[in-house]
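What follows is one structure encoded as structure tokens, with my remarks underneath.
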Amino acid sequence: MFTMTRRSFLGGLAAFAVLPTLRECAVPDAQGISAYPFTLGVGSGDPLPDGVVLWTRLAPDPIGGGGLPNEPISVLWEVATDPDFDEVINRTGALARPDRGYAIHKDLRGLEPDRWYWYRFSVGDWVSPVGRTRTAPAVDCVPGQLRFGLATCQNYRHGYYTAHANLANEDLDLVFHVGDYIYESSGQGPVRPTPGVATTLEDYRARYALYRSDPDLQAAHAAFPWVVTWDDHEVEDNYAADLDKHGNDPATFLPRRAAAYRAWWENQATRLPPPTGPDLPIHRRLRWGRLADLWVLDTRQYRSNQPCGDGGAPLCDDNFDPELTMLGDAQEAWLTDGLLSSEARWNVLAQQVVFGDMQIGTAVNHDQWDGYPLARQRLLDLFASEDVANPVVLSGDLHAAFAADLHQQVQDPTTPVVATELLTPSISSNFNPDAAPLWENLMMQRPYVHHANGTNRGYVTCRLTPDALDARWRYVETVTEPTSAVFTGFELHRVAGPAAPAGGGAAC
Ligand code: FE
Ligand code: CA
């Protein structure tokens with residue numbers, strides 16, 4: 001990360017004095033800001049063939065409530081085709097509004113497909129760090145590859161973001177984050193403190209500010225566009241739709257959910273409109289040409305309450321209620337129609353909780369897909385359709401990792417393999433170190449599980465080509481020290497199955 005002085009920045013601007021838009025797009029003055037306002041870094045997200053969303057949020061005093069006057073602040077943003085900003089292609093003003101937490105979401109369009117760009121923001125004497133981002137390939141051709149990272153569960157107090165520091169150095173096109181980006185809970189250490197339980201908009205804004213003030217997380221955001229969804233801890237542990245963890249009256253929980261969703265929206269680079277109440281539909285489809293359709297799912301907002309309690313317990317009759325849903329009817333219908341009509345070679349499902357078989361003895365975790373067996377079976381049967389090409393299920397939440405084949409009947413290896421599951425380790429959230437070896441052993445006894453690790457923190461990287469999937473489980477040695485090396489703990493190679501009947505297309 002670097003910052004520029006006003007002098008060097010204006011010196012850079014002088015080279016572009018011929019740009020007709022320069023006069024109206026000069027750097028706005030400080031507007032009363034008296035300290036560096038880009039303490040939360042920059043980010044980008046949800047790439048399209050012609051555009052990407054650019055993000056920053058002004059916070060001269062990130063932990064102390066922001067430190068800004070209660071007025072809109074004018075900010076200049078710039079986009080270039082090179083990291084030195086020798087070739088600036090757009091330079092325009094935007095307003096950071098107090099009612100949006102001083103966040104800027106610039107839905108930039110008019111870009112070329114399948115190329116990298118660099119961007120930055122400035123106000124007064126201050127210039128933000130430079131972010132790098134890219135557009136998706138054109139929708140009507142097959143690009144040679146998609147390289148993505150996968151992250152989840154980054155409890156600030158459990159560890160340093162050594163995984164993010166290493167993720168930032170990977171060779172990737174985008175990063176998926178599948179939830180537990182923040183933790184609403186309180187507590188000290190073992191590595192870093194966090195304040196009390198978040199319940200209000202101000203609390204959730206402050207929690208995002210704390211997390212986003214981390215330089216390693218900022219580096220990972222600045223290096224690639226991100227595609228984010230959420231899990232429970234963006235609101236409250238194990239909540240389900242309008243019910244909190246304890247199943248209290250929705251009337252008391254929904255205002256909290258509204259505050260949490262609002263803060264999530266302010267702090268993530270998505271193209272979604274801001275929420276106006278407790279609802280925020282975030283499931284969406286992005287495309288990587290005709291190589292991959294990217295289905296970003298929400299298994300929290302519409303799910304049925306966890307049957308038979310939230311935690312580990314044997315299956316009960318309620319688990320087999322055909323009305324039980326993980327996605328809600330509308331999202332499930334949207335996904336079903338989308339998968340059946342997809343023309344892409346791969347279908348990547350970016351979602352939160354473990355999809356495959358995690359039963360231990362007679363107990364299942366009722367917060368995972370194991371607790372919603374008929375809803376899961378509907379998707380597995382869909383994956384088995386010859387109209388659905390090469391599903392890949394991404395998951396997180398567990399704080400431990402595995403690589404698994406998904407059989408049409410998840411516990412029956414004599415049934416066809418219909419998908420691959422990449423369960424990513426936590427970035428920093430802990431997993432009981434005493435339980436890790438036992439869990440790893442139990443998982444590795446299953447013929448469809450090829451790797452299991454509850455010991456290390458890290459992330460997954462994956463390269464998709466028209467012919468194959470190659471995923472790596474990347475582990476850091478420690479999260480209790482500020483820096484760590486990274487190593488590859490496992491590599492999974494899968495050859496692509498047949499294209500969907502409507503699939504195909506020329507190379508980009
Ligand atoms: Fe978590
Ligand atoms: Ca979770």
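Starting from 1 in every chain, residues are counted up; chains themselves are A, B, ... following the order of the structure tokens, and ligands are numbered from 1 as listed.
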Stretch 238-459 of chain A: which residues are alpha helix (DSSP H) by DSSP, as a PDB file with N, CA, C and O atoms, in the first residue's frame?
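For reference, states01.pdb as written:
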ATOM      1  N   PRO A 250     -39.666 -12.562  15.938  1.00  0.00           N
ATOM      2  CA  PRO A 250     -39.034 -11.854  14.819  1.00  0.00           C
ATOM      3  C   PRO A 250     -39.097 -10.333  14.961  1.00  0.00           C
ATOM      4  O   PRO A 250     -38.211  -9.628  14.468  1.00  0.00           O
ATOM      5  N   ALA A 251     -40.112  -9.817  15.627  1.00  0.00           N
ATOM      6  CA  ALA A 251     -40.230  -8.364  15.760  1.00  0.00           C
ATOM      7  C   ALA A 251     -39.039  -7.760  16.492  1.00  0.00           C
ATOM      8  O   ALA A 251     -38.695  -6.593  16.266  1.00  0.00           O
ATOM      9  N   THR A 252     -38.417  -8.533  17.366  1.00  0.00           N
ATOM     10  CA  THR A 252     -37.235  -8.005  18.049  1.00  0.00           C
ATOM     11  C   THR A 252     -35.960  -8.278  17.259  1.00  0.00           C
ATOM     12  O   THR A 252     -34.984  -7.555  17.388  1.00  0.00           O
ATOM     13  N   PHE A 253     -35.966  -9.315  16.414  1.00  0.00           N
ATOM     14  CA  PHE A 253     -34.746  -9.662  15.673  1.00  0.00           C
ATOM     15  C   PHE A 253     -34.617  -8.883  14.358  1.00  0.00           C
ATOM     16  O   PHE A 253     -33.507  -8.522  13.949  1.00  0.00           O
ATOM     17  N   LEU A 254     -35.735  -8.624  13.690  1.00  0.00           N
ATOM     18  CA  LEU A 254     -35.638  -8.030  12.350  1.00  0.00           C
ATOM     19  C   LEU A 254     -34.988  -6.639  12.336  1.00  0.00           C
ATOM     20  O   LEU A 254     -34.248  -6.328  11.391  1.00  0.00           O
ATOM     21  N   PRO A 255     -35.212  -5.769  13.327  1.00  0.00           N
ATOM     22  CA  PRO A 255     -34.468  -4.493  13.314  1.00  0.00           C
ATOM     23  C   PRO A 255     -32.958  -4.705  13.387  1.00  0.00           C
ATOM     24  O   PRO A 255     -32.185  -3.977  12.750  1.00  0.00           O
ATOM     25  N   ARG A 256     -32.545  -5.709  14.139  1.00  0.00           N
ATOM     26  CA  ARG A 256     -31.119  -6.017  14.206  1.00  0.00           C
ATOM     27  C   ARG A 256     -30.621  -6.533  12.850  1.00  0.00           C
ATOM     28  O   ARG A 256     -29.553  -6.140  12.384  1.00  0.00           O
ATOM     29  N   ARG A 257     -31.407  -7.418  12.231  1.00  0.00           N
ATOM     30  CA  ARG A 257     -31.016  -7.933  10.922  1.00  0.00           C
ATOM     31  C   ARG A 257     -30.914  -6.794   9.907  1.00  0.00           C
ATOM     32  O   ARG A 257     -29.992  -6.755   9.087  1.00  0.00           O
ATOM     33  N   ALA A 258     -31.861  -5.844   9.991  1.00  0.00           N
ATOM     34  CA  ALA A 258     -31.828  -4.697   9.068  1.00  0.00           C
ATOM     35  C   ALA A 258     -30.545  -3.900   9.250  1.00  0.00           C
ATOM     36  O   ALA A 258     -29.913  -3.482   8.271  1.00  0.00           O
ATOM     37  N   ALA A 259     -30.145  -3.676  10.489  1.00  0.00           N
ATOM     38  CA  ALA A 259     -28.911  -2.922  10.763  1.00  0.00           C
ATOM     39  C   ALA A 259     -27.702  -3.672  10.226  1.00  0.00           C
ATOM     40  O   ALA A 259     -26.805  -3.089   9.598  1.00  0.00           O
ATOM     41  N   ALA A 260     -27.685  -4.973  10.451  1.00  0.00           N
ATOM     42  CA  ALA A 260     -26.546  -5.786  10.012  1.00  0.00           C
ATOM     43  C   ALA A 260     -26.465  -5.843   8.486  1.00  0.00           C
ATOM     44  O   ALA A 260     -25.375  -5.734   7.908  1.00  0.00           O
ATOM     45  N   TYR A 261     -27.597  -6.030   7.820  1.00  0.00           N
ATOM     46  CA  TYR A 261     -27.600  -6.074   6.356  1.00  0.00           C
ATOM     47  C   TYR A 261     -27.161  -4.723   5.782  1.00  0.00           C
ATOM     48  O   TYR A 261     -26.445  -4.655   4.781  1.00  0.00           O
ATOM     49  N   ARG A 262     -27.643  -3.654   6.421  1.00  0.00           N
ATOM     50  CA  ARG A 262     -27.274  -2.305   5.966  1.00  0.00           C
ATOM     51  C   ARG A 262     -25.748  -2.108   6.034  1.00  0.00           C
ATOM     52  O   ARG A 262     -25.116  -1.642   5.095  1.00  0.00           O
ATOM     53  N   ALA A 263     -25.171  -2.487   7.160  1.00  0.00           N
ATOM     54  CA  ALA A 263     -23.725  -2.332   7.321  1.00  0.00           C
ATOM     55  C   ALA A 263     -22.967  -3.235   6.348  1.00  0.00           C
ATOM     56  O   ALA A 263     -21.925  -2.841   5.809  1.00  0.00           O
ATOM     57  N   TRP A 264     -23.474  -4.441   6.118  1.00  0.00           N
ATOM     58  CA  TRP A 264     -22.853  -5.332   5.117  1.00  0.00           C
ATOM     59  C   TRP A 264     -22.846  -4.640   3.757  1.00  0.00           C
ATOM     60  O   TRP A 264     -21.816  -4.611   3.064  1.00  0.00           O
ATOM     61  N   TRP A 265     -24.020  -4.087   3.374  1.00  0.00           N
ATOM     62  CA  TRP A 265     -24.115  -3.431   2.075  1.00  0.00           C
ATOM     63  C   TRP A 265     -23.108  -2.282   1.973  1.00  0.00           C
ATOM     64  O   TRP A 265     -22.424  -2.132   0.962  1.00  0.00           O
ATOM     65  N   GLU A 266     -23.023  -1.473   3.022  1.00  0.00           N
ATOM     66  CA  GLU A 266     -22.116  -0.328   2.986  1.00  0.00           C
ATOM     67  C   GLU A 266     -20.666  -0.754   2.820  1.00  0.00           C
ATOM     68  O   GLU A 266     -19.860  -0.019   2.254  1.00  0.00           O
ATOM     69  N   ASN A 267     -20.334  -1.941   3.325  1.00  0.00           N
ATOM     70  CA  ASN A 267     -18.928  -2.323   3.416  1.00  0.00           C
ATOM     71  C   ASN A 267     -18.477  -3.343   2.386  1.00  0.00           C
ATOM     72  O   ASN A 267     -17.350  -3.823   2.460  1.00  0.00           O
ATOM     73  N   ASP A 329     -38.141 -20.759  -1.499  1.00  0.00           N
ATOM     74  CA  ASP A 329     -38.724 -21.222  -2.762  1.00  0.00           C
ATOM     75  C   ASP A 329     -38.254 -20.391  -3.958  1.00  0.00           C
ATOM     76  O   ASP A 329     -37.939 -20.933  -5.026  1.00  0.00           O
ATOM     77  N   ALA A 330     -38.226 -19.081  -3.807  1.00  0.00           N
ATOM     78  CA  ALA A 330     -37.904 -18.218  -4.957  1.00  0.00           C
ATOM     79  C   ALA A 330     -36.454 -18.416  -5.401  1.00  0.00           C
ATOM     80  O   ALA A 330     -36.173 -18.572  -6.592  1.00  0.00           O
ATOM     81  N   GLN A 331     -35.526 -18.440  -4.425  1.00  0.00           N
ATOM     82  CA  GLN A 331     -34.117 -18.609  -4.792  1.00  0.00           C
ATOM     83  C   GLN A 331     -33.875 -20.006  -5.365  1.00  0.00           C
ATOM     84  O   GLN A 331     -33.098 -20.179  -6.319  1.00  0.00           O
ATOM     85  N   GLU A 332     -34.538 -21.011  -4.803  1.00  0.00           N
ATOM     86  CA  GLU A 332     -34.344 -22.371  -5.307  1.00  0.00           C
ATOM     87  C   GLU A 332     -34.870 -22.494  -6.735  1.00  0.00           C
ATOM     88  O   GLU A 332     -34.229 -23.128  -7.591  1.00  0.00           O
ATOM     89  N   ALA A 333     -36.008 -21.865  -7.018  1.00  0.00           N
ATOM     90  CA  ALA A 333     -36.550 -21.911  -8.389  1.00  0.00           C
ATOM     91  C   ALA A 333     -35.633 -21.175  -9.358  1.00  0.00           C
ATOM     92  O   ALA A 333     -35.383 -21.626 -10.481  1.00  0.00           O
ATOM     93  N   TRP A 334     -35.121 -20.033  -8.924  1.00  0.00           N
ATOM     94  CA  TRP A 334     -34.181 -19.246  -9.744  1.00  0.00           C
ATOM     95  C   TRP A 334     -32.925 -20.056 -10.050  1.00  0.00           C
ATOM     96  O   TRP A 334     -32.454 -20.102 -11.197  1.00  0.00           O
ATOM     97  N   LEU A 335     -32.396 -20.743  -9.032  1.00  0.00           N
ATOM     98  CA  LEU A 335     -31.188 -21.548  -9.240  1.00  0.00           C
ATOM     99  C   LEU A 335     -31.484 -22.730 -10.146  1.00  0.00           C
ATOM    100  O   LEU A 335     -30.690 -23.061 -11.041  1.00  0.00           O
ATOM    101  N   THR A 336     -32.609 -23.374  -9.932  1.00  0.00           N
ATOM    102  CA  THR A 336     -32.972 -24.542 -10.744  1.00  0.00           C
ATOM    103  C   THR A 336     -33.110 -24.153 -12.215  1.00  0.00           C
ATOM    104  O   THR A 336     -32.514 -24.788 -13.093  1.00  0.00           O
ATOM    105  N   ASP A 337     -33.873 -23.100 -12.470  1.00  0.00           N
ATOM    106  CA  ASP A 337     -34.032 -22.643 -13.853  1.00  0.00           C
ATOM    107  C   ASP A 337     -32.685 -22.243 -14.448  1.00  0.00           C
ATOM    108  O   ASP A 337     -32.393 -22.518 -15.616  1.00  0.00           O
ATOM    109  N   GLY A 338     -31.892 -21.567 -13.636  1.00  0.00           N
ATOM    110  CA  GLY A 338     -30.600 -21.077 -14.126  1.00  0.00           C
ATOM    111  C   GLY A 338     -29.650 -22.211 -14.470  1.00  0.00           C
ATOM    112  O   GLY A 338     -29.003 -22.195 -15.520  1.00  0.00           O
ATOM    113  N   LEU A 339     -29.568 -23.206 -13.598  1.00  0.00           N
ATOM    114  CA  LEU A 339     -28.665 -24.324 -13.867  1.00  0.00           C
ATOM    115  C   LEU A 339     -29.116 -25.102 -15.100  1.00  0.00           C
ATOM    116  O   LEU A 339     -28.292 -25.513 -15.929  1.00  0.00           O
ATOM    117  N   LEU A 340     -30.425 -25.311 -15.215  1.00  0.00           N
ATOM    118  CA  LEU A 340     -30.927 -26.099 -16.351  1.00  0.00           C
ATOM    119  C   LEU A 340     -30.710 -25.389 -17.682  1.00  0.00           C
ATOM    120  O   LEU A 340     -30.589 -26.034 -18.717  1.00  0.00           O
ATOM    121  N   SER A 341     -30.674 -24.063 -17.675  1.00  0.00           N
ATOM    122  CA  SER A 341     -30.516 -23.317 -18.934  1.00  0.00           C
ATOM    123  C   SER A 341     -29.093 -22.805 -19.129  1.00  0.00           C
ATOM    124  O   SER A 341     -28.794 -22.169 -20.137  1.00  0.00           O
ATOM    125  N   PRO A 373     -32.036 -32.528   4.560  1.00  0.00           N
ATOM    126  CA  PRO A 373     -31.670 -33.576   3.593  1.00  0.00           C
ATOM    127  C   PRO A 373     -32.517 -33.585   2.319  1.00  0.00           C
ATOM    128  O   PRO A 373     -32.000 -33.905   1.252  1.00  0.00           O
ATOM    129  N   LEU A 374     -33.791 -33.254   2.409  1.00  0.00           N
ATOM    130  CA  LEU A 374     -34.612 -33.297   1.195  1.00  0.00           C
ATOM    131  C   LEU A 374     -34.311 -32.106   0.293  1.00  0.00           C
ATOM    132  O   LEU A 374     -34.309 -32.226  -0.943  1.00  0.00           O
ATOM    133  N   ALA A 375     -34.034 -30.950   0.897  1.00  0.00           N
ATOM    134  CA  ALA A 375     -33.639 -29.780   0.097  1.00  0.00           C
ATOM    135  C   ALA A 375     -32.313 -30.069  -0.616  1.00  0.00           C
ATOM    136  O   ALA A 375     -32.123 -29.721  -1.784  1.00  0.00           O
ATOM    137  N   ARG A 376     -31.408 -30.739   0.087  1.00  0.00           N
ATOM    138  CA  ARG A 376     -30.134 -31.103  -0.528  1.00  0.00           C
ATOM    139  C   ARG A 376     -30.342 -32.104  -1.652  1.00  0.00           C
ATOM    140  O   ARG A 376     -29.711 -31.996  -2.713  1.00  0.00           O
ATOM    141  N   GLN A 377     -31.221 -33.074  -1.426  1.00  0.00           N
ATOM    142  CA  GLN A 377     -31.450 -34.090  -2.446  1.00  0.00           C
ATOM    143  C   GLN A 377     -31.999 -33.470  -3.728  1.00  0.00           C
ATOM    144  O   GLN A 377     -31.662 -33.911  -4.839  1.00  0.00           O
ATOM    145  N   ARG A 378     -32.863 -32.465  -3.574  1.00  0.00           N
ATOM    146  CA  ARG A 378     -33.390 -31.793  -4.784  1.00  0.00           C
ATOM    147  C   ARG A 378     -32.242 -31.227  -5.620  1.00  0.00           C
ATOM    148  O   ARG A 378     -32.244 -31.321  -6.856  1.00  0.00           O
ATOM    149  N   LEU A 379     -31.250 -30.631  -4.962  1.00  0.00           N
ATOM    150  CA  LEU A 379     -30.116 -30.077  -5.715  1.00  0.00           C
ATOM    151  C   LEU A 379     -29.231 -31.180  -6.277  1.00  0.00           C
ATOM    152  O   LEU A 379     -28.770 -31.093  -7.423  1.00  0.00           O
ATOM    153  N   LEU A 380     -28.990 -32.233  -5.507  1.00  0.00           N
ATOM    154  CA  LEU A 380     -28.164 -33.334  -6.011  1.00  0.00           C
ATOM    155  C   LEU A 380     -28.806 -33.976  -7.239  1.00  0.00           C
ATOM    156  O   LEU A 380     -28.115 -34.324  -8.209  1.00  0.00           O
ATOM    157  N   ASP A 381     -30.128 -34.141  -7.211  1.00  0.00           N
ATOM    158  CA  ASP A 381     -30.825 -34.714  -8.366  1.00  0.00           C
ATOM    159  C   ASP A 381     -30.739 -33.769  -9.568  1.00  0.00           C
ATOM    160  O   ASP A 381     -30.630 -34.214 -10.721  1.00  0.00           O
ATOM    161  N   LEU A 382     -30.777 -32.475  -9.281  1.00  0.00           N
ATOM    162  CA  LEU A 382     -30.604 -31.488 -10.350  1.00  0.00           C
ATOM    163  C   LEU A 382     -29.195 -31.574 -10.940  1.00  0.00           C
ATOM    164  O   LEU A 382     -29.007 -31.545 -12.162  1.00  0.00           O
ATOM    165  N   PHE A 383     -28.190 -31.690 -10.054  1.00  0.00           N
ATOM    166  CA  PHE A 383     -26.805 -31.814 -10.528  1.00  0.00           C
ATOM    167  C   PHE A 383     -26.653 -33.029 -11.448  1.00  0.00           C
ATOM    168  O   PHE A 383     -25.811 -33.040 -12.345  1.00  0.00           O
ATOM    169  N   ALA A 436      -9.294 -31.785  16.091  1.00  0.00           N
ATOM    170  CA  ALA A 436      -8.920 -31.776  14.678  1.00  0.00           C
ATOM    171  C   ALA A 436      -8.436 -33.136  14.162  1.00  0.00           C
ATOM    172  O   ALA A 436      -8.929 -33.619  13.137  1.00  0.00           O
ATOM    173  N   PRO A 437      -7.476 -33.795  14.858  1.00  0.00           N
ATOM    174  CA  PRO A 437      -7.002 -35.089  14.321  1.00  0.00           C
ATOM    175  C   PRO A 437      -8.112 -36.139  14.233  1.00  0.00           C
ATOM    176  O   PRO A 437      -8.184 -36.897  13.258  1.00  0.00           O
ATOM    177  N   LEU A 438      -8.990 -36.159  15.231  1.00  0.00           N
ATOM    178  CA  LEU A 438     -10.102 -37.109  15.228  1.00  0.00           C
ATOM    179  C   LEU A 438     -11.027 -36.845  14.043  1.00  0.00           C
ATOM    180  O   LEU A 438     -11.423 -37.762  13.305  1.00  0.00           O
ATOM    181  N   TRP A 439     -11.370 -35.574  13.857  1.00  0.00           N
ATOM    182  CA  TRP A 439     -12.253 -35.209  12.740  1.00  0.00           C
ATOM    183  C   TRP A 439     -11.591 -35.555  11.409  1.00  0.00           C
ATOM    184  O   TRP A 439     -12.230 -36.103  10.504  1.00  0.00           O
ATOM    185  N   GLU A 440     -10.315 -35.258  11.284  1.00  0.00           N
ATOM    186  CA  GLU A 440      -9.609 -35.565  10.030  1.00  0.00           C
ATOM    187  C   GLU A 440      -9.647 -37.071   9.742  1.00  0.00           C
ATOM    188  O   GLU A 440      -9.901 -37.491   8.606  1.00  0.00           O
ATOM    189  N   ASN A 441      -9.416 -37.873  10.784  1.00  0.00           N
ATOM    190  CA  ASN A 441      -9.451 -39.326  10.618  1.00  0.00           C
ATOM    191  C   ASN A 441     -10.809 -39.823  10.183  1.00  0.00           C
ATOM    192  O   ASN A 441     -10.940 -40.656   9.280  1.00  0.00           O
ATOM    193  N   LEU A 442     -11.849 -39.304  10.845  1.00  0.00           N
ATOM    194  CA  LEU A 442     -13.209 -39.732  10.506  1.00  0.00           C
ATOM    195  C   LEU A 442     -13.534 -39.383   9.056  1.00  0.00           C
ATOM    196  O   LEU A 442     -14.107 -40.189   8.315  1.00  0.00           O
ATOM    197  N   MET A 443     -13.167 -38.188   8.640  1.00  0.00           N
ATOM    198  CA  MET A 443     -13.485 -37.764   7.279  1.00  0.00           C
ATOM    199  C   MET A 443     -12.740 -38.614   6.257  1.00  0.00           C
ATOM    200  O   MET A 443     -13.297 -39.026   5.236  1.00  0.00           O
ATOM    201  N   MET A 444     -11.451 -38.896   6.540  1.00  0.00           N
ATOM    202  CA  MET A 444     -10.632 -39.596   5.555  1.00  0.00           C
ATOM    203  C   MET A 444     -11.018 -41.068   5.406  1.00  0.00           C
ATOM    204  O   MET A 444     -10.572 -41.731   4.469  1.00  0.00           O
TER     205      MET A 444
END
Please check which protein, DNA or RNA residues sit within 8 Å of ligand 2, counting only C-alpha atoms and all ligand atoms, and write them as a compact mmCIF listing (two decimals) with N, CA, C and O atoms, in the first residue's frame.
# COMPACT_ATOMS: atom_id res chain seq x y z
N CYS A 153 -14.76 -17.09 7.16
CA CYS A 153 -14.52 -17.17 8.61
C CYS A 153 -13.22 -16.51 9.05
O CYS A 153 -12.20 -17.19 9.26
N GLY A 179 -18.65 -15.94 3.61
CA GLY A 179 -19.32 -15.57 4.85
C GLY A 179 -18.52 -15.71 6.12
O GLY A 179 -17.44 -16.28 6.15
N ASP A 180 -19.12 -15.15 7.19
CA ASP A 180 -18.41 -14.88 8.44
C ASP A 180 -17.23 -13.94 8.15
O ASP A 180 -16.12 -14.16 8.63
N ASP A 231 -22.73 -15.27 5.72
CA ASP A 231 -23.27 -16.40 6.49
C ASP A 231 -23.93 -15.83 7.75
O ASP A 231 -24.45 -14.71 7.72
N ASP A 232 -23.90 -16.57 8.85
CA ASP A 232 -24.64 -16.13 10.04
C ASP A 232 -24.00 -14.98 10.80
O ASP A 232 -24.68 -14.06 11.24
N HIS A 233 -22.66 -15.01 10.95
CA HIS A 233 -22.04 -14.06 11.88
C HIS A 233 -22.03 -12.62 11.36
O HIS A 233 -21.70 -11.71 12.13
N ASP A 237 -24.93 -15.49 15.31
CA ASP A 237 -24.62 -16.91 15.23
C ASP A 237 -25.89 -17.74 14.95
O ASP A 237 -26.88 -17.64 15.67
N ASN A 238 -25.81 -18.53 13.86
CA ASN A 238 -26.84 -19.54 13.55
C ASN A 238 -28.26 -18.99 13.44
O ASN A 238 -29.22 -19.72 13.67
N GLN A 352 -22.48 -21.09 1.62
CA GLN A 352 -21.89 -20.91 2.94
C GLN A 352 -21.51 -22.20 3.66
O GLN A 352 -20.37 -22.40 4.06
N VAL A 353 -22.51 -23.04 3.92
CA VAL A 353 -22.31 -24.13 4.88
C VAL A 353 -22.00 -25.45 4.17
O VAL A 353 -22.29 -25.62 2.99
N GLY A 396 -17.87 -23.06 3.27
CA GLY A 396 -17.01 -22.59 4.35
C GLY A 396 -17.65 -22.93 5.68
O GLY A 396 -18.18 -24.02 5.85
N ASP A 397 -17.59 -22.00 6.61
CA ASP A 397 -18.32 -22.07 7.89
C ASP A 397 -17.73 -23.01 8.92
O ASP A 397 -17.81 -22.74 10.12
N LEU A 398 -17.13 -24.11 8.52
CA LEU A 398 -16.77 -25.15 9.48
C LEU A 398 -15.49 -24.82 10.26
O LEU A 398 -15.29 -25.33 11.34
Give me, as JSON, numbers by chain, the set of residues whose atoms come within 12 Å of any atom of ligand 1, counting only C-alpha atoms and all ligand atoms. {"A": [151, 152, 153, 154, 155, 156, 158, 177, 178, 179, 180, 181, 182, 183, 184, 185, 230, 231, 232, 233, 234, 235, 236, 237, 238, 352, 353, 354, 367, 395, 396, 397, 398, 399, 400, 424, 425, 426, 427, 428, 429, 430, 431, 457]}
Writing out the chosen residues with C-alpha atoms as a tab-separated table (two decimals), in the first residue's frame:
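Printed below is result-v4.tsv as written:
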chain	number	residue	atom	x	y	z
A	151	ALA	CA	-12.17	-17.44	1.76
A	152	THR	CA	-14.42	-17.70	4.82
A	153	CYS	CA	-14.52	-17.17	8.61
A	154	GLN	CA	-12.09	-14.43	9.57
A	155	ASN	CA	-12.63	-13.91	13.29
A	156	TYR	CA	-10.45	-10.89	14.09
A	158	HIS	CA	-8.75	-15.43	16.81
A	177	HIS	CA	-15.86	-14.83	0.27
A	178	VAL	CA	-18.60	-17.16	1.49
A	179	GLY	CA	-19.32	-15.57	4.85
A	180	ASP	CA	-18.41	-14.88	8.44
A	181	TYR	CA	-16.57	-11.84	7.09
A	182	ILE	CA	-17.16	-10.26	10.51
A	183	TYR	CA	-18.17	-11.81	13.82
A	184	GLU	CA	-20.83	-9.97	15.76
A	185	SER	CA	-19.75	-11.60	19.01
A	230	TRP	CA	-22.70	-13.76	3.83
A	231	ASP	CA	-23.27	-16.40	6.49
A	232	ASP	CA	-24.64	-16.13	10.04
A	233	HIS	CA	-22.04	-14.06	11.88
A	234	GLU	CA	-22.62	-11.02	9.66
A	235	VAL	CA	-25.80	-10.82	11.80
A	236	GLU	CA	-25.88	-13.38	14.63
A	237	ASP	CA	-24.62	-16.91	15.23
A	238	ASN	CA	-26.84	-19.54	13.55
A	352	GLN	CA	-21.89	-20.91	2.94
A	353	VAL	CA	-22.31	-24.13	4.88
A	354	VAL	CA	-20.99	-27.67	4.35
A	367	ASP	CA	-27.13	-25.82	10.71
A	395	SER	CA	-18.42	-23.97	1.10
A	396	GLY	CA	-17.01	-22.59	4.35
A	397	ASP	CA	-18.32	-22.07	7.89
A	398	LEU	CA	-16.77	-25.15	9.48
A	399	HIS	CA	-13.30	-23.67	10.25
A	400	ALA	CA	-11.90	-26.92	8.86
A	424	THR	CA	-12.22	-23.93	2.41
A	425	PRO	CA	-10.44	-23.58	5.76
A	426	SER	CA	-11.07	-20.53	7.92
A	427	ILE	CA	-8.89	-17.49	7.38
A	428	SER	CA	-8.41	-17.16	11.16
A	429	SER	CA	-11.39	-18.59	13.11
A	430	ASN	CA	-10.38	-21.39	15.41
A	431	PHE	CA	-11.20	-25.11	15.29
A	457	ARG	CA	-6.00	-21.95	8.69
All residues 6 Å or closer to stretch 37-52 of chain A, only C-alpha atoms, same chain fewer than 2 positions away omitted, as JSON, numbers by chain: {"A": [54, 55, 56, 58, 59, 60, 108, 109, 110, 111, 112, 113, 128, 135, 136, 137, 138, 212, 213, 218, 221, 222, 225, 226, 227, 269, 270]}
I want to know what sits within 10 Å of A:Gln359, based on only C-alpha atoms, with residues of the same chain fewer than 2 positions away left out; could you give that as number ranges by chain? A: 312-315, 356-357, 361-366, 370-371, 411, 442-443
Give me the residues within 9 Å of A:Gly504 as number ranges by chain, counting only C-alpha atoms and dropping any in the same chain fewer than 3 places off. A: 141-142, 290-291, 343-345, 499-501
Excluding A:Phe355 and residues on its chain fewer than 6 positions from it, collect all residues at most 9 Å away from it, counting only C-alpha atoms, and give them as a short mmCIF file (atom, residue, chain, number, x, y, z; two decimals) with N, CA and C atoms, in the first residue's frame.
data_model
loop_
_atom_site.label_atom_id
_atom_site.label_comp_id
_atom_site.auth_asym_id
_atom_site.auth_seq_id
_atom_site.Cartn_x
_atom_site.Cartn_y
_atom_site.Cartn_z
N GLN A 368 -26.10 -27.20 8.97
CA GLN A 368 -25.54 -27.47 7.64
C GLN A 368 -26.58 -28.16 6.76
N TRP A 369 -26.20 -28.43 5.50
CA TRP A 369 -27.14 -29.10 4.58
C TRP A 369 -27.55 -30.47 5.09
N ASP A 370 -26.71 -31.10 5.93
CA ASP A 370 -27.09 -32.37 6.56
C ASP A 370 -28.43 -32.24 7.29
N ARG A 376 -31.41 -30.74 0.09
CA ARG A 376 -30.13 -31.10 -0.53
C ARG A 376 -30.34 -32.10 -1.65
N VAL A 393 -19.38 -27.07 -5.88
CA VAL A 393 -19.97 -26.42 -4.71
C VAL A 393 -18.85 -25.90 -3.83
N LEU A 394 -18.86 -24.59 -3.58
CA LEU A 394 -17.91 -23.97 -2.66
C LEU A 394 -18.58 -23.86 -1.30
N SER A 395 -17.83 -24.10 -0.23
CA SER A 395 -18.42 -23.97 1.10
C SER A 395 -17.37 -23.53 2.11
N LEU A 406 -19.21 -35.32 -4.48
CA LEU A 406 -20.59 -35.40 -4.02
C LEU A 406 -21.29 -36.46 -4.86
N GLU A 421 -17.09 -30.81 -4.15
CA GLU A 421 -17.19 -29.78 -3.10
C GLU A 421 -15.80 -29.36 -2.65
N LEU A 423 -14.37 -27.35 0.29
CA LEU A 423 -14.62 -26.74 1.61
C LEU A 423 -13.34 -26.03 2.03
#
